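Data file: input-v9.csv. Format and content: CSV, N, CA and C atoms.
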```
chain,number,residue,atom,x,y,z
A,1,MET,N,-6.0,14.9,34.2
A,1,MET,CA,-5.8,14.8,32.7
A,1,MET,C,-6.3,13.4,32.3
A,2,LYS,N,-7.2,13.4,31.3
A,2,LYS,CA,-7.7,12.2,30.8
A,2,LYS,C,-7.2,12.1,29.4
A,3,ALA,N,-6.6,10.9,29.1
A,3,ALA,CA,-6.0,10.7,27.7
A,3,ALA,C,-6.6,9.4,27.1
A,4,ALA,N,-6.8,9.5,25.8
A,4,ALA,CA,-7.2,8.3,25.1
A,4,ALA,C,-6.0,7.9,24.2
A,5,ILE,N,-5.6,6.6,24.3
A,5,ILE,CA,-4.6,6.0,23.4
A,5,ILE,C,-5.3,4.9,22.6
A,6,ILE,N,-5.6,5.2,21.4
A,6,ILE,CA,-6.3,4.3,20.5
A,6,ILE,C,-5.4,3.9,19.3
A,7,TYR,N,-5.3,2.6,19.0
A,7,TYR,CA,-4.4,2.2,18.0
A,7,TYR,C,-4.9,1.0,17.2
A,8,ALA,N,-4.3,0.8,16.0
A,8,ALA,CA,-4.4,-0.4,15.2
A,8,ALA,C,-3.1,-1.0,15.0
A,9,SER,N,-2.9,-2.3,15.0
A,9,SER,CA,-1.7,-2.9,14.8
A,9,SER,C,-1.9,-4.2,14.1
A,10,THR,N,-1.0,-4.5,13.1
A,10,THR,CA,-1.1,-5.7,12.4
A,10,THR,C,0.0,-6.7,12.7
A,11,THR,N,1.2,-6.2,13.0
A,11,THR,CA,2.4,-7.1,13.3
A,11,THR,C,2.8,-6.9,14.8
A,12,GLY,N,2.2,-6.0,15.5
A,12,GLY,CA,2.6,-5.8,16.9
A,12,GLY,C,3.5,-4.6,17.1
A,13,ASN,N,4.0,-4.0,16.1
A,13,ASN,CA,4.9,-2.9,16.2
A,13,ASN,C,4.2,-1.6,16.7
A,14,THR,N,3.1,-1.3,16.2
A,14,THR,CA,2.4,-0.1,16.6
A,14,THR,C,1.8,-0.4,18.0
A,15,GLU,N,1.4,-1.6,18.3
A,15,GLU,CA,0.9,-2.0,19.6
A,15,GLU,C,2.0,-1.8,20.7
A,16,ALA,N,3.3,-2.1,20.3
A,16,ALA,CA,4.4,-1.9,21.2
A,16,ALA,C,4.6,-0.4,21.5
A,17,MET,N,4.4,0.4,20.5
A,17,MET,CA,4.5,1.8,20.7
A,17,MET,C,3.4,2.3,21.6
A,18,ALA,N,2.2,1.8,21.4
A,18,ALA,CA,1.0,2.2,22.2
A,18,ALA,C,1.2,1.8,23.6
A,19,ASN,N,1.8,0.6,23.9
A,19,ASN,CA,2.0,0.2,25.2
A,19,ASN,C,3.0,1.1,25.9
A,20,ALA,N,4.0,1.6,25.2
A,20,ALA,CA,5.0,2.5,25.8
A,20,ALA,C,4.3,3.8,26.1
A,21,LEU,N,3.5,4.3,25.2
A,21,LEU,CA,2.8,5.6,25.4
A,21,LEU,C,1.9,5.4,26.7
A,22,ASN,N,1.2,4.3,26.8
A,22,ASN,CA,0.3,4.0,27.9
A,22,ASN,C,1.1,4.1,29.2
A,23,ASP,N,2.2,3.3,29.3
A,23,ASP,CA,3.0,3.3,30.5
A,23,ASP,C,3.4,4.7,30.9
A,24,SER,N,3.9,5.5,29.9
A,24,SER,CA,4.3,6.9,30.2
A,24,SER,C,3.2,7.8,30.6
A,25,ALA,N,2.1,7.7,29.9
A,25,ALA,CA,0.9,8.6,30.3
A,25,ALA,C,0.5,8.3,31.7
A,26,LYS,N,0.4,7.0,32.1
A,26,LYS,CA,0.0,6.6,33.5
A,26,LYS,C,1.1,7.1,34.5
A,27,ALA,N,2.3,6.9,34.1
A,27,ALA,CA,3.4,7.3,35.0
A,27,ALA,C,3.4,8.8,35.3
A,28,ASN,N,2.9,9.5,34.3
A,28,ASN,CA,2.8,11.0,34.4
A,28,ASN,C,1.5,11.5,34.9
A,29,GLY,N,0.7,10.6,35.5
A,29,GLY,CA,-0.5,11.0,36.2
A,29,GLY,C,-1.8,11.0,35.4
A,30,ALA,N,-1.8,10.6,34.1
A,30,ALA,CA,-3.0,10.6,33.3
A,30,ALA,C,-3.9,9.4,33.6
A,31,GLU,N,-5.2,9.7,33.5
A,31,GLU,CA,-6.2,8.6,33.5
A,31,GLU,C,-6.3,8.3,32.0
A,32,VAL,N,-6.1,7.0,31.7
A,32,VAL,CA,-6.0,6.6,30.3
A,32,VAL,C,-7.1,5.6,29.9
A,33,ILE,N,-7.7,6.0,28.8
A,33,ILE,CA,-8.6,5.0,28.0
A,33,ILE,C,-7.7,4.4,27.0
A,34,PHE,N,-7.5,3.1,27.0
A,34,PHE,CA,-6.5,2.4,26.1
A,34,PHE,C,-7.2,1.3,25.4
A,35,GLY,N,-7.0,1.3,24.1
A,35,GLY,CA,-7.6,0.1,23.3
A,35,GLY,C,-7.4,0.3,21.8
A,36,THR,N,-7.9,-0.7,21.2
A,36,THR,CA,-7.8,-0.8,19.7
A,36,THR,C,-8.9,0.0,19.0
A,37,ALA,N,-8.6,0.4,17.8
A,37,ALA,CA,-9.6,1.2,17.0
A,37,ALA,C,-10.9,0.4,16.8
A,38,ASP,N,-10.8,-0.9,16.6
A,38,ASP,CA,-12.0,-1.6,16.4
A,38,ASP,C,-12.9,-1.8,17.6
A,39,SER,N,-12.4,-1.5,18.8
A,39,SER,CA,-13.3,-1.6,20.0
A,39,SER,C,-13.4,-0.3,20.7
A,40,ALA,N,-12.9,0.8,20.2
A,40,ALA,CA,-12.9,2.1,20.9
A,40,ALA,C,-14.3,2.7,20.9
A,41,ASN,N,-14.7,3.3,22.0
A,41,ASN,CA,-15.9,4.0,22.1
A,41,ASN,C,-15.7,5.5,21.7
A,42,LYS,N,-16.4,5.9,20.7
A,42,LYS,CA,-16.2,7.2,20.1
A,42,LYS,C,-16.5,8.3,21.1
A,43,ASP,N,-17.5,8.2,21.9
A,43,ASP,CA,-17.9,9.2,22.8
A,43,ASP,C,-16.9,9.3,24.0
A,44,GLU,N,-16.4,8.2,24.5
A,44,GLU,CA,-15.4,8.2,25.6
A,44,GLU,C,-14.1,8.9,25.1
A,45,VAL,N,-13.7,8.5,23.9
A,45,VAL,CA,-12.5,9.1,23.3
A,45,VAL,C,-12.6,10.6,23.1
A,46,LEU,N,-13.7,11.0,22.6
A,46,LEU,CA,-13.9,12.5,22.4
A,46,LEU,C,-14.1,13.3,23.6
A,47,ASN,N,-14.4,12.6,24.8
A,47,ASN,CA,-14.5,13.3,26.1
A,47,ASN,C,-13.1,13.4,26.8
A,48,CYS,N,-12.1,12.9,26.2
A,48,CYS,CA,-10.7,13.0,26.8
A,48,CYS,C,-10.1,14.4,26.5
A,49,ASP,N,-9.2,14.7,27.4
A,49,ASP,CA,-8.4,16.0,27.2
A,49,ASP,C,-7.4,15.9,26.0
A,50,VAL,N,-6.8,14.7,25.9
A,50,VAL,CA,-5.9,14.5,24.8
A,50,VAL,C,-6.2,13.1,24.2
A,51,ILE,N,-6.1,13.1,22.8
A,51,ILE,CA,-6.3,11.9,22.1
A,51,ILE,C,-5.1,11.5,21.3
A,52,LEU,N,-4.5,10.3,21.5
A,52,LEU,CA,-3.4,9.8,20.8
A,52,LEU,C,-3.8,8.7,20.0
A,53,LEU,N,-3.6,8.8,18.7
A,53,LEU,CA,-4.1,7.8,17.7
A,53,LEU,C,-2.9,7.1,17.0
A,54,GLY,N,-2.9,5.8,16.9
A,54,GLY,CA,-1.8,5.1,16.2
A,54,GLY,C,-2.2,4.2,15.1
A,55,SER,N,-1.5,4.1,14.0
A,55,SER,CA,-1.7,3.2,13.0
A,55,SER,C,-0.4,2.9,12.2
A,56,PRO,N,-0.3,1.6,11.8
A,56,PRO,CA,0.8,1.3,11.0
A,56,PRO,C,0.5,1.8,9.6
A,57,ALA,N,1.6,1.9,8.8
A,57,ALA,CA,1.4,2.3,7.4
A,57,ALA,C,1.0,1.0,6.7
A,58,MET,N,0.0,1.1,5.8
A,58,MET,CA,-0.5,-0.1,5.1
A,58,MET,C,-0.5,0.2,3.6
A,59,GLY,N,-0.4,-0.9,2.8
A,59,GLY,CA,-0.5,-0.7,1.4
A,59,GLY,C,0.4,0.4,0.8
A,60,ASP,N,-0.3,1.3,0.2
A,60,ASP,CA,0.4,2.5,-0.5
A,60,ASP,C,0.4,3.6,0.5
A,61,GLU,N,1.0,3.3,1.7
A,61,GLU,CA,1.1,4.3,2.8
A,61,GLU,C,-0.3,5.0,3.2
A,62,VAL,N,-1.2,4.1,3.7
A,62,VAL,CA,-2.5,4.5,4.1
A,62,VAL,C,-2.7,4.0,5.5
A,63,LEU,N,-3.7,4.5,6.2
A,63,LEU,CA,-4.0,4.0,7.6
A,63,LEU,C,-4.6,2.6,7.5
A,64,GLU,N,-4.3,1.8,8.6
A,64,GLU,CA,-4.9,0.5,8.7
A,64,GLU,C,-6.4,0.6,8.7
A,65,ASP,N,-7.1,-0.4,8.1
A,65,ASP,CA,-8.6,-0.2,7.9
A,65,ASP,C,-9.4,0.1,9.1
A,66,THR,N,-9.2,-0.5,10.3
A,66,THR,CA,-10.0,-0.2,11.5
A,66,THR,C,-9.7,1.2,12.0
A,67,MET,N,-8.5,1.6,11.9
A,67,MET,CA,-8.2,3.0,12.3
A,67,MET,C,-8.8,4.0,11.3
A,68,GLU,N,-8.7,3.7,10.0
A,68,GLU,CA,-9.4,4.6,9.0
A,68,GLU,C,-10.9,4.7,9.4
A,69,GLU,N,-11.5,3.6,9.7
A,69,GLU,CA,-12.9,3.6,10.0
A,69,GLU,C,-13.2,4.4,11.3
A,70,PHE,N,-12.4,4.2,12.3
A,70,PHE,CA,-12.6,4.9,13.6
A,70,PHE,C,-12.3,6.4,13.4
A,71,TYR,N,-11.2,6.7,12.7
A,71,TYR,CA,-10.8,8.1,12.5
A,71,TYR,C,-11.9,8.8,11.7
A,72,THR,N,-12.4,8.2,10.7
A,72,THR,CA,-13.5,8.8,9.9
A,72,THR,C,-14.7,9.1,10.7
A,73,GLU,N,-15.0,8.2,11.7
A,73,GLU,CA,-16.1,8.4,12.6
A,73,GLU,C,-16.0,9.6,13.5
A,74,ILE,N,-14.7,9.9,13.9
A,74,ILE,CA,-14.6,11.0,14.9
A,74,ILE,C,-14.0,12.3,14.2
A,75,GLU,N,-13.6,12.2,13.0
A,75,GLU,CA,-12.9,13.3,12.3
A,75,GLU,C,-13.7,14.6,12.4
A,76,GLY,N,-15.0,14.6,12.2
A,76,GLY,CA,-15.8,15.8,12.2
A,76,GLY,C,-16.0,16.4,13.6
A,77,SER,N,-15.6,15.7,14.6
A,77,SER,CA,-15.7,16.2,16.0
A,77,SER,C,-14.4,16.6,16.6
A,78,LEU,N,-13.3,16.7,15.8
A,78,LEU,CA,-12.0,17.0,16.3
A,78,LEU,C,-11.6,18.5,16.4
A,79,ASN,N,-12.5,19.4,15.9
A,79,ASN,CA,-12.2,20.8,16.0
A,79,ASN,C,-11.9,21.2,17.4
A,80,GLY,N,-10.7,21.8,17.6
A,80,GLY,CA,-10.3,22.2,19.0
A,80,GLY,C,-9.7,21.2,19.9
A,81,LYS,N,-9.8,19.9,19.5
A,81,LYS,CA,-9.3,18.8,20.3
A,81,LYS,C,-7.8,18.7,20.2
A,82,LYS,N,-7.2,18.3,21.3
A,82,LYS,CA,-5.7,18.0,21.3
A,82,LYS,C,-5.5,16.6,20.9
A,83,VAL,N,-4.8,16.5,19.8
A,83,VAL,CA,-4.6,15.1,19.2
A,83,VAL,C,-3.1,15.0,18.8
A,84,GLY,N,-2.6,13.8,19.0
A,84,GLY,CA,-1.3,13.4,18.5
A,84,GLY,C,-1.4,12.0,17.8
A,85,ILE,N,-0.6,11.8,16.8
A,85,ILE,CA,-0.6,10.6,16.0
A,85,ILE,C,0.8,9.9,16.0
A,86,PHE,N,0.7,8.6,15.9
A,86,PHE,CA,1.9,7.8,15.9
A,86,PHE,C,1.7,6.5,15.1
A,87,GLY,N,2.8,5.9,14.7
A,87,GLY,CA,2.7,4.6,14.0
A,87,GLY,C,4.0,4.1,13.5
A,88,SER,N,4.0,2.8,13.0
A,88,SER,CA,5.2,2.1,12.6
A,88,SER,C,5.0,1.9,11.1
A,89,TYR,N,6.2,1.7,10.4
A,89,TYR,CA,6.2,1.4,9.0
A,89,TYR,C,7.3,0.5,8.7
A,90,ASP,N,7.2,-0.1,7.5
A,90,ASP,CA,8.3,-1.0,7.0
A,90,ASP,C,9.1,-0.3,5.9
A,91,TRP,N,8.4,0.2,4.9
A,91,TRP,CA,9.0,0.9,3.8
A,91,TRP,C,8.4,2.3,3.6
A,92,GLY,N,8.9,3.0,2.7
A,92,GLY,CA,8.4,4.4,2.5
A,92,GLY,C,9.1,5.4,3.4
A,93,ASP,N,8.5,6.6,3.5
A,93,ASP,CA,9.2,7.6,4.2
A,93,ASP,C,8.2,8.4,5.2
A,94,GLY,N,7.1,7.8,5.5
A,94,GLY,CA,6.2,8.4,6.5
A,94,GLY,C,5.1,9.2,5.9
A,95,GLN,N,4.8,9.0,4.6
A,95,GLN,CA,3.8,9.7,3.9
A,95,GLN,C,2.4,9.6,4.6
A,96,TRP,N,2.1,8.3,5.1
A,96,TRP,CA,0.8,8.1,5.7
A,96,TRP,C,0.6,9.0,6.9
A,97,LEU,N,1.7,9.3,7.7
A,97,LEU,CA,1.5,10.1,8.8
A,97,LEU,C,1.4,11.6,8.4
A,98,ARG,N,2.1,12.0,7.4
A,98,ARG,CA,2.0,13.4,6.9
A,98,ARG,C,0.6,13.6,6.3
A,99,ASP,N,0.0,12.6,5.6
A,99,ASP,CA,-1.3,12.7,5.1
A,99,ASP,C,-2.3,12.8,6.2
A,100,TRP,N,-2.1,12.0,7.2
A,100,TRP,CA,-3.0,11.9,8.4
A,100,TRP,C,-3.0,13.2,9.2
A,101,ASN,N,-1.8,13.8,9.3
A,101,ASN,CA,-1.6,15.0,10.0
A,101,ASN,C,-2.3,16.2,9.2
A,102,ASP,N,-2.2,16.1,7.9
A,102,ASP,CA,-3.0,17.1,7.1
A,102,ASP,C,-4.5,17.0,7.4
A,103,ARG,N,-5.0,15.8,7.5
A,103,ARG,CA,-6.4,15.6,7.8
A,103,ARG,C,-6.8,16.1,9.2
A,104,LEU,N,-5.9,15.9,10.1
A,104,LEU,CA,-6.1,16.5,11.5
A,104,LEU,C,-6.2,18.0,11.4
A,105,ASN,N,-5.2,18.6,10.7
A,105,ASN,CA,-5.2,20.1,10.6
A,105,ASN,C,-6.5,20.6,10.0
A,106,ASN,N,-6.9,19.9,8.9
A,106,ASN,CA,-8.1,20.3,8.2
A,106,ASN,C,-9.4,20.1,9.1
A,107,ALA,N,-9.3,19.2,10.0
A,107,ALA,CA,-10.4,19.0,10.9
A,107,ALA,C,-10.4,20.0,12.1
A,108,GLY,N,-9.4,20.8,12.2
A,108,GLY,CA,-9.3,21.8,13.2
A,108,GLY,C,-8.7,21.2,14.5
A,109,ALA,N,-8.1,20.1,14.5
A,109,ALA,CA,-7.5,19.5,15.7
A,109,ALA,C,-6.2,20.3,16.1
A,110,VAL,N,-5.9,20.3,17.4
A,110,VAL,CA,-4.7,21.0,17.9
A,110,VAL,C,-3.7,19.9,18.1
A,111,SER,N,-2.6,20.0,17.3
A,111,SER,CA,-1.5,19.1,17.4
A,111,SER,C,-0.8,19.2,18.8
A,112,VAL,N,-0.6,18.1,19.5
A,112,VAL,CA,0.1,18.1,20.8
A,112,VAL,C,1.6,17.8,20.6
A,113,ALA,N,2.0,17.2,19.4
A,113,ALA,CA,3.4,16.9,19.2
A,113,ALA,C,3.5,16.6,17.7
A,114,GLU,N,4.7,16.6,17.2
A,114,GLU,CA,5.0,16.1,15.9
A,114,GLU,C,4.6,14.7,15.7
A,115,PRO,N,4.1,14.2,14.6
A,115,PRO,CA,3.8,12.8,14.5
A,115,PRO,C,5.0,11.9,14.8
A,116,LEU,N,4.8,10.8,15.5
A,116,LEU,CA,5.8,9.9,15.9
A,116,LEU,C,5.8,8.7,15.1
A,117,MET,N,6.9,8.3,14.5
A,117,MET,CA,7.0,7.1,13.7
A,117,MET,C,8.2,6.3,14.0
A,118,VAL,N,8.1,5.0,13.9
A,118,VAL,CA,9.1,4.0,14.2
A,118,VAL,C,9.2,3.1,13.0
A,119,HIS,N,10.5,2.8,12.6
A,119,HIS,CA,10.7,1.9,11.5
A,119,HIS,C,10.7,0.5,12.1
A,120,LEU,N,9.8,-0.4,11.7
A,120,LEU,CA,9.6,-1.8,12.1
A,120,LEU,C,9.5,-1.9,13.6
A,121,THR,N,10.1,-2.9,14.2
A,121,THR,CA,10.0,-3.1,15.7
A,121,THR,C,10.7,-2.1,16.5
A,122,PRO,N,10.0,-1.5,17.5
A,122,PRO,CA,10.6,-0.5,18.3
A,122,PRO,C,11.7,-1.1,19.1
A,123,GLU,N,12.9,-0.5,19.0
A,123,GLU,CA,14.1,-0.9,19.8
A,123,GLU,C,14.0,-0.1,21.1
A,124,VAL,N,15.0,-0.4,22.0
A,124,VAL,CA,15.0,0.3,23.3
A,124,VAL,C,14.9,1.8,23.2
A,125,ALA,N,15.8,2.3,22.3
A,125,ALA,CA,15.8,3.8,22.1
A,125,ALA,C,14.4,4.3,21.6
A,126,ASP,N,13.8,3.5,20.7
A,126,ASP,CA,12.5,3.9,20.2
A,126,ASP,C,11.4,4.0,21.3
A,127,VAL,N,11.5,2.9,22.2
A,127,VAL,CA,10.5,2.9,23.3
A,127,VAL,C,10.7,4.1,24.2
A,128,GLU,N,11.9,4.4,24.5
A,128,GLU,CA,12.2,5.6,25.3
A,128,GLU,C,11.7,6.9,24.7
A,129,ASN,N,11.9,7.0,23.4
A,129,ASN,CA,11.4,8.1,22.6
A,129,ASN,C,9.9,8.2,22.7
A,130,CYS,N,9.2,7.0,22.6
A,130,CYS,CA,7.7,6.9,22.7
A,130,CYS,C,7.3,7.4,24.1
A,131,LYS,N,8.0,7.0,25.1
A,131,LYS,CA,7.6,7.5,26.5
A,131,LYS,C,7.8,9.0,26.6
A,132,ALA,N,8.9,9.5,26.1
A,132,ALA,CA,9.1,11.0,26.2
A,132,ALA,C,8.1,11.7,25.4
A,133,TRP,N,7.7,11.2,24.2
A,133,TRP,CA,6.7,11.8,23.3
A,133,TRP,C,5.4,11.9,24.1
A,134,ALA,N,5.0,10.7,24.7
A,134,ALA,CA,3.7,10.7,25.4
A,134,ALA,C,3.7,11.7,26.6
A,135,ALA,N,4.8,11.7,27.3
A,135,ALA,CA,4.9,12.6,28.5
A,135,ALA,C,4.7,14.1,28.0
A,136,SER,N,5.3,14.4,26.9
A,136,SER,CA,5.2,15.8,26.4
A,136,SER,C,3.7,16.0,25.8
A,137,ALA,N,3.2,15.0,25.2
A,137,ALA,CA,1.8,15.2,24.6
A,137,ALA,C,0.7,15.4,25.6
A,138,ILE,N,0.9,14.8,26.8
A,138,ILE,CA,-0.2,14.9,27.7
A,138,ILE,C,-0.1,16.1,28.7
A,139,LYS,N,0.9,16.9,28.5
A,139,LYS,CA,1.0,18.1,29.3
A,139,LYS,C,0.0,19.2,29.0
```
Once you've parsed the file, please lay out its structure as structure tokens.
Amino acid sequence: MKAAIIYASTTGNTEAMANALNDSAKANGAEVIFGTADSANKDEVLNCDVILLGSPAMGDEVLEDTMEEFYTEIEGSLNGKKVGIFGSYDWGDGQWLRDWNDRLNNAGAVSVAEPLMVHLTPEVADVENCKAWAASAIK
């Protein structure tokens, strides 16, 4: 199983989630491509069995700029691909993840799990939830 975990983070919260996902995916036997949206290789990511993408909520509940740019670049190639999304937020109710999930569905992606969100800094229970989410997503 080859998985890509690509994220954007501004305060470190989504990065902490991504690190937990990475630890779990590797512990569950996945070969992982791990990195930030601004340095991700589109072709490497699209060649993975599972793609996990993360972004914090920004502004009026939108994706972080580098993730928006990367996602837009791969969006047309996601039909039939297994994809999961995750991210952190400060205020709001998760609209940015619901909107992103709608975009994934419209692109024909196959959801591997419900979108995963954490309010602010991931606490111990959140990190454990991230690990369980990743283990389920890469099956």
(message) Measuring between all atoms listed in the file, which one of A:Thr72, A:Asn79, A:Asn13, A:Thr121 shows the shortest distance to Ala107 of chain A?
(response)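 With all atoms listed in the file as the atom set, the closest residue is A:Asn79.
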(message) Show me, as a ChimeraX atom specification, the residues that have an atom within 6.5 Å of segment 132-138 of chain A when counting only N, CA and C atoms, minus same-chain residues fewer than 4 positions from it.
(response) /A:21,24-25,28,50,112-113,127-128
I need the chosen residues saved as a PDB file, in the frame of the given file, with N, CA and C atoms.
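Everything below was put into selection30.pdb:
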```
ATOM      1  N   LEU A  21       3.500   4.300  25.200  1.00  0.00           N
ATOM      2  CA  LEU A  21       2.800   5.600  25.400  1.00  0.00           C
ATOM      3  C   LEU A  21       1.900   5.400  26.700  1.00  0.00           C
ATOM      4  N   SER A  24       3.900   5.500  29.900  1.00  0.00           N
ATOM      5  CA  SER A  24       4.300   6.900  30.200  1.00  0.00           C
ATOM      6  C   SER A  24       3.200   7.800  30.600  1.00  0.00           C
ATOM      7  N   ALA A  25       2.100   7.700  29.900  1.00  0.00           N
ATOM      8  CA  ALA A  25       0.900   8.600  30.300  1.00  0.00           C
ATOM      9  C   ALA A  25       0.500   8.300  31.700  1.00  0.00           C
ATOM     10  N   ASN A  28       2.900   9.500  34.300  1.00  0.00           N
ATOM     11  CA  ASN A  28       2.800  11.000  34.400  1.00  0.00           C
ATOM     12  C   ASN A  28       1.500  11.500  34.900  1.00  0.00           C
ATOM     13  N   VAL A  50      -6.800  14.700  25.900  1.00  0.00           N
ATOM     14  CA  VAL A  50      -5.900  14.500  24.800  1.00  0.00           C
ATOM     15  C   VAL A  50      -6.200  13.100  24.200  1.00  0.00           C
ATOM     16  N   VAL A 112      -0.600  18.100  19.500  1.00  0.00           N
ATOM     17  CA  VAL A 112       0.100  18.100  20.800  1.00  0.00           C
ATOM     18  C   VAL A 112       1.600  17.800  20.600  1.00  0.00           C
ATOM     19  N   ALA A 113       2.000  17.200  19.400  1.00  0.00           N
ATOM     20  CA  ALA A 113       3.400  16.900  19.200  1.00  0.00           C
ATOM     21  C   ALA A 113       3.500  16.600  17.700  1.00  0.00           C
ATOM     22  N   VAL A 127      11.500   2.900  22.200  1.00  0.00           N
ATOM     23  CA  VAL A 127      10.500   2.900  23.300  1.00  0.00           C
ATOM     24  C   VAL A 127      10.700   4.100  24.200  1.00  0.00           C
ATOM     25  N   GLU A 128      11.900   4.400  24.500  1.00  0.00           N
ATOM     26  CA  GLU A 128      12.200   5.600  25.300  1.00  0.00           C
ATOM     27  C   GLU A 128      11.700   6.900  24.700  1.00  0.00           C
TER      28      GLU A 128
END
```
(request) Select, from A:Leu53, A:Met17, A:Ala37, A:Ala27, the residue with the minimum atom-to-atom distance to Thr66 of chain A, counting all atoms listed in the file. (result) A:Ala37
(request) Considering only N, CA and C atoms, return as a list of chain:residue names whatever protein or nucleic-acid residues lie within 7 Å of His119 of chain A, sequence-local ones (same chain, fewer than 2 positions apart) excluded. (result) A:Gly87, A:Ser88, A:Tyr89, A:Asp90, A:Met117, A:Thr121, A:Pro122
Could the residues in this selection be saved with N, CA and C atoms as a short mmCIF file (atom, residue, chain, number, x, y, z; two decimals), in the coordinates of the input?
```cif
data_model
loop_
_atom_site.label_atom_id
_atom_site.label_comp_id
_atom_site.auth_asym_id
_atom_site.auth_seq_id
_atom_site.Cartn_x
_atom_site.Cartn_y
_atom_site.Cartn_z
N GLY A 87 2.80 5.90 14.70
CA GLY A 87 2.70 4.60 14.00
C GLY A 87 4.00 4.10 13.50
N SER A 88 4.00 2.80 13.00
CA SER A 88 5.20 2.10 12.60
C SER A 88 5.00 1.90 11.10
N TYR A 89 6.20 1.70 10.40
CA TYR A 89 6.20 1.40 9.00
C TYR A 89 7.30 0.50 8.70
N ASP A 90 7.20 -0.10 7.50
CA ASP A 90 8.30 -1.00 7.00
C ASP A 90 9.10 -0.30 5.90
N MET A 117 6.90 8.30 14.50
CA MET A 117 7.00 7.10 13.70
C MET A 117 8.20 6.30 14.00
N THR A 121 10.10 -2.90 14.20
CA THR A 121 10.00 -3.10 15.70
C THR A 121 10.70 -2.10 16.50
N PRO A 122 10.00 -1.50 17.50
CA PRO A 122 10.60 -0.50 18.30
C PRO A 122 11.70 -1.10 19.10
#
```
(message) With DSSP run on the backbone, what are the helix (DSSP H, G or I) residues within segment 28-120 of chain A? I'd like them as a VMD selection string.
(response) chain A and resid 42 to 46 65 to 77 95 to 107
(message) Taking only N, CA and C atoms into account, name the residue in A:Glu31, A:Gly108, A:Asp99, A:Lys131 that is nearest to Gly80 of chain A.
(response)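 Using only N, CA and C atoms, the shortest distance to Gly80 of chain A belongs to A:Gly108.
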(message) Please compute the atom C of Ala3 of chain A-atom C of Leu52 of chain A distance, one decimal, in Å.
(response) 7.7 Å
(message) Could you check the closest approach to Ile74 of chain A for each of A:Glu15, A:Glu123, A:Glu61, A:Asp43 and tell me which residue wins, using only C-alpha atoms?
(response) A:Asp43
(request) Tell me, in Å to one decimal, how far atom CA of Asn129 of chain A is from atom C of Ile5 of chain A. (result)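 Value for the atom CA of Asn129 of chain A-atom C of Ile5 of chain A distance: 17.0 Å.
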(request) Would you mind listing what lies within 12 Å of Glu68 of chain A as a ChimeraX atom specification, with only C-alpha atoms counted and same-chain residues fewer than 3 positions away left out? (result) /A:6-8,37-38,53-58,62-65,71-75,96,100,103
(message) Taking the DSSP secondary structure from the backbone, can you list the residues of segment 68-127 of chain A that are strand (DSSP E or B), as a PyMOL selection string?
(response) chain A and resi 82-89+110-111+116-119
(request) Work out how far apart atom C of Ala40 of chain A and atom CA of Gln95 of chain A are and give it in Å to one decimal. (result)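 Distance reported for this atom pair: 25.8 Å.
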(message) I'd like to know which of A:Asn101, A:Ser111, A:Asn106, A:Asn47 is closest to Met1 of chain A, using only C-alpha atoms.
(response)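 Counting only C-alpha atoms, the residue closest to Met1 of chain A is A:Asn47.
If you measure from each of A:Ile51, A:Leu120, A:Ala30, A:Leu104 to Thr11 of chain A using only C-alpha atoms, the closest one turns out to be A:Leu120.
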